[in-house]
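Written out below as structure tokens is the structure these notes cover.
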Amino acid sequence: MTGSRAVREAARIIRAGGIAAVPTETVYGLAANALDASACARIFEAKNRPQDNPLIVHVADLDGAKLVWSDITATAKRLMDAFWPGPLSIILPKRSIVPNTVSAGLDTVAVRMPSNSTVRDIIREAGVPLAAPSANSSGRPSPTEAAHVMEDLSGKIPLIVDDGPCTVGVESTVVDLTGDVPVILRPGDITAEDIGRIAGTVLFRDGSRDTKPASPGMKYRHYSPRARVVVLGPGGAPIAKSINSMYHTHKDKGENPTILCLEQDADAYSGLNVRLLGHGMRDAEHTVFRELRNADERGSDIVLIHASELMGAAVLDRIMRAGGKAVPRA
Ligand code: TXA
Ligand code: MG
């Protein structure tokens with residue numbers, strides 16, 4: 001469904017304690033009233049999401065954030081001024097009004113104000129903040145088009161509000177502001193440099209190395225198509241040579257490999273089955289999840305990804321996880 005009718009219908013469902021898929025600028029979300037524990041439980045069920053993975057709360061204005069956070073720090077204010085509305089989720093101590101289902105038992109809650117105007121209309125019309133994870137089945141690539149939500153959740157949810165392809169394409173940057181220094185728990189389109197410019201210092205948390213991850217979602221295998229994903233690079237040994245030889249090995253076995261790379265790296269793969277992720281960070285963010293899903297649609301058995309620093313931290317993080325690898329970080 002599209003347009004203002006879809007906005008009203010989504011708001012009605014959410015007010016009544018149901019769930020609906022909604023667009024955001026990053027990826028499509030599966031939304032419920034963030035203040036209603038049993039509504040939020042439906043999200044976990046539809047996605048088959050582990051219970052210990054907390055949800056991000058979406059608000060349309062600062063009052064919405066004040067409703068769920070118990071305290072807003074000076075750094076949080078500066079980051080909100082700089083990047084909201086937009087793809088930045090900020091973690092601060094929560095108020096008791098936020099159910100444990102949303103925070104997964106943590107005493108903090110992640111909040112963001114999306115820039116997509118359709119979802120902001122839905123939040124205003126519903127009159128409540130929305131808890132919304134990405135609207136994929138847990139473990140699958142995040143959905144950047146309404147059709148991707150259909151693929152994963154058709155029959156499990158009553159409504160998908162279709163607002164076309166997402167403009168960003170990877171999930172928001174998640175930053176923990178409960179300590180003295182901001183800590184990035186998940187890289188996104190708002191980069192560490194962007195945050196550092198406003199906040200002074202910023203740290204990067206590698207959740208995959210912690211025994212008790214600060215961001216529970218980081219410990220799960222993620223973003224995987226049915227095809228096997230192998231990531232080579234960035235940097236290191238001659239990547240193109242290795243990918244070429246792997247490609248032919250799999251081809252000789254009668255399999256159907258696909259190569260994903262930036263345009264700059266495509267010359268090395270002429271005549272092969274290559275899908276381009278565009279030219280740089282923004283392009284790669286915009287195309288990566290779609291291309292991971294498309295590999296399945298084209299019947300690929302294996303996806304060979306030529307990783308490049310030019311793809312940016314967010315895309316490198318997602319493709320490494322799709323390949324089941326810990327994300328190497330300084
Ligand atoms: O762009 C986005 O953030 C999208 C759209 C729909 O807004 N949402 C999204 O939600 O990506 P989800 O649930 O797929 O990812 C939320 C991430 C998880 O890694 C989760 O563990 C982390 O944020 N997170 C949420 N609340 C947290 C908290 N209180 N402390 C630490 N990590 C938290
Ligand atoms: Mg997700």
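Order determines the names: the first chain of the structure tokens is A, the second B, and so forth; residues in each chain are numbered 1 upward, and ligands are numbered 1 upward as they are shown.
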* **Contacts with ligand 2 at most 10 Å, only C-alpha atoms and all ligand atoms counted, listed as an MDAnalysis selection string** => chainID A and resid 27:30 47 49 53 55:56 132:143 170:172 217:218 222:223
* To do: Return as a ChimeraX atom specification the full set of residues in segment 120-314 of chain A whose backbone-based DSSP assignment is helix (DSSP H, G or I).
  => /A:120-126,146-153,192-199,207-209,216-219,239-252,263-269,281-297,309-314
* **Nearest residue to ligand 1 from the set A:Arg186, A:His148, A:Arg15, A:Arg298 (distances using only C-alpha atoms and all ligand atoms)** => A:Arg186
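For segment 268-280 of chain A, the residues within 9 Å (counting only C-alpha atoms, excluding itself and residues fewer than 4 positions away along the chain) are Ala240, Lys241, Ile243, Asn244, Tyr247, Asn256, Pro257, Thr258, Ile259, Leu260, Cys261, Leu262, Glu263, Gln264, Ala284, Glu285, His286, Thr287, Val288, Glu291, Leu310, Met311 and Gly312 of chain A.
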* Asked: Which polymer residues have any atom within 12 Å of an atom of Ala46 of chain A, counting only C-alpha atoms, with same-chain residues fewer than 5 positions away left out, as number ranges by chain?
  -> A: 18-21, 30-32, 39-41, 133-138, 149, 152-158
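The gap separating atom CA of Phe289 of chain A from atom 17 (C, counted along the ligand's line) of ligand 1 is 16.3 Å, in Å to one decimal.
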* Would you mind listing what lies within 12 Å of Leu92 of chain A as a PyMOL selection string, with only C-alpha atoms counted and same-chain residues fewer than 4 positions away left out? => chain A and resi 56-57+65-66+68-77+103+106-112+174-180+182-183
